[in-house]
Amino acid sequence: MAPTPRQPAEHPDPPVATTTAAATVPEPTAAAAAPVGPVGPVGRGKGRPRSAAADQAILDATREALADLGWGGLTMGDVAQRAGVAKTTLYRRWPSKSELVVDAIASLFDQLECADRGSLQADIEAVVARFAELLTLPETQAALLALFAEGSRDPQLRRRIRERIVEPQKVLVEFGRANAQARGEMDPDRDRAAADEEVGIIFDVIAGTVEHRLLVSGEPVTADWIRRFTTLLLGPFPGLLR
């Protein structure tokens, strides 16, 4: 369970901090995190310079094809045609369909940011709201459900999902903690290993709860639900006997 926050200290107009896979977590004493740009697909060695526009067209086409055709119907040839690139260009960048789909979803989640909105509650609510918006997209739902199913049978795919999607997004939790510590809402981390474990647990709780509600239960994620969920995450269970 996340630590119970203390009353935040007041300060004027907090800056925005964004995060992605390669971001460095600010020290707890910093006022806020510095902006960090999104990280694209991992490079695959030397050769002709890659076109960012072509990469984006391919990733967009992959998500579109997944929404239309599903995992089983998706082919590299169809993606290449939709993106307007040669199939050889596609294979130079992504040798397999699973790698392509993982990067297509990772690039979507790279849009998530952790902004300092003055309180830990507000920070979490904003991230959860944006995460829920991305999960309501048909292409995101089709891709994630397919990856979950395929990953359960393919250890290498499961590892790639963890490396390209899960681990980078844990940085959002780390930024949120650092901002809360800078505002005086949370105590500084005294044990790095314990803090890393808590970050993983908090991430699993947030991501798992929102994904289950939208993708499994099919229930909406409303502003009121987000507020109640965040309150429960940050505080003791209602009626809990101390």
# chains A, B, ... in the order shown; residues from 1 in each chain; ligands from 1
call {"tool": "residues_around", "arguments": {"residues": "Val127 in chain A", "least_positions_apart": "5", "cutoff": "9 Å", "atoms": "only C-alpha atoms", "output": "mmCIF file with C-alpha atoms, in the first residue's frame"}}
result
data_model
loop_
_atom_site.group_PDB
_atom_site.id
_atom_site.type_symbol
_atom_site.label_atom_id
_atom_site.label_comp_id
_atom_site.auth_asym_id
_atom_site.auth_seq_id
_atom_site.Cartn_x
_atom_site.Cartn_y
_atom_site.Cartn_z
ATOM 1 C CA LEU A 112 2.036 9.636 -20.428
ATOM 2 C CA GLU A 113 3.592 12.245 -18.166
ATOM 3 C CA CYS A 114 3.819 12.915 -14.471
ATOM 4 C CA ALA A 115 3.163 16.605 -13.891
ATOM 5 C CA ALA A 122 -3.793 15.421 -8.035
ATOM 6 C CA ALA A 132 -7.644 5.398 -19.028
ATOM 7 C CA LEU A 172 6.024 7.809 -13.570
#
call {"tool": "residues_around", "arguments": {"residues": "range 194-210 of chain A", "least_positions_apart": "2", "cutoff": "8 Å", "atoms": "only C-alpha atoms", "output": "list in words"}}
result
Met1, Ala2, Val128, Ala132, Lys170, Val173, Glu174, Asp189, Arg190, Asp191, Arg192, His212, Arg213, Leu214 and Val221 of chain A
call {"tool": "residues_around", "arguments": {"residues": "range 71-80 of chain A", "least_positions_apart": "2", "cutoff": "8 Å", "atoms": "only C-alpha atoms", "output": "PyMOL selection string"}}
result
chain A and resi 58+61-62+65-66+69+82-87+90+97+142-143+146
call {"tool": "residues_around", "arguments": {"residues": "range 102-108 of chain A", "least_positions_apart": "2", "cutoff": "10 Å", "atoms": "only C-alpha atoms", "output": "PyMOL selection string"}}
result
chain A and resi 20-21+38-42+55-56+58-63+94+97-100+110-112+134-135+139-141+143-144+147+157-158+160-166+168-169
call {"tool": "select_by_dssp", "arguments": {"residues": "range 112-225 of chain A", "states": "helix (DSSP H, G or I)", "output": "ChimeraX atom specification"}}
result
/A:120-135,138-151,155-183,192-217,223-225
call {"tool": "closest_residue", "arguments": {"among": "A:Arg93, A:Leu233, A:Val101, A:Thr88", "to": "Glu64 in chain A", "atoms": "only C-alpha atoms"}}
result
A:Val101
call {"tool": "closest_residue", "arguments": {"among": "A:Gly184, A:Gly176, A:Gly239, A:Gly218", "to": "Arg117 in chain A", "atoms": "only C-alpha atoms"}}
result
A:Gly176
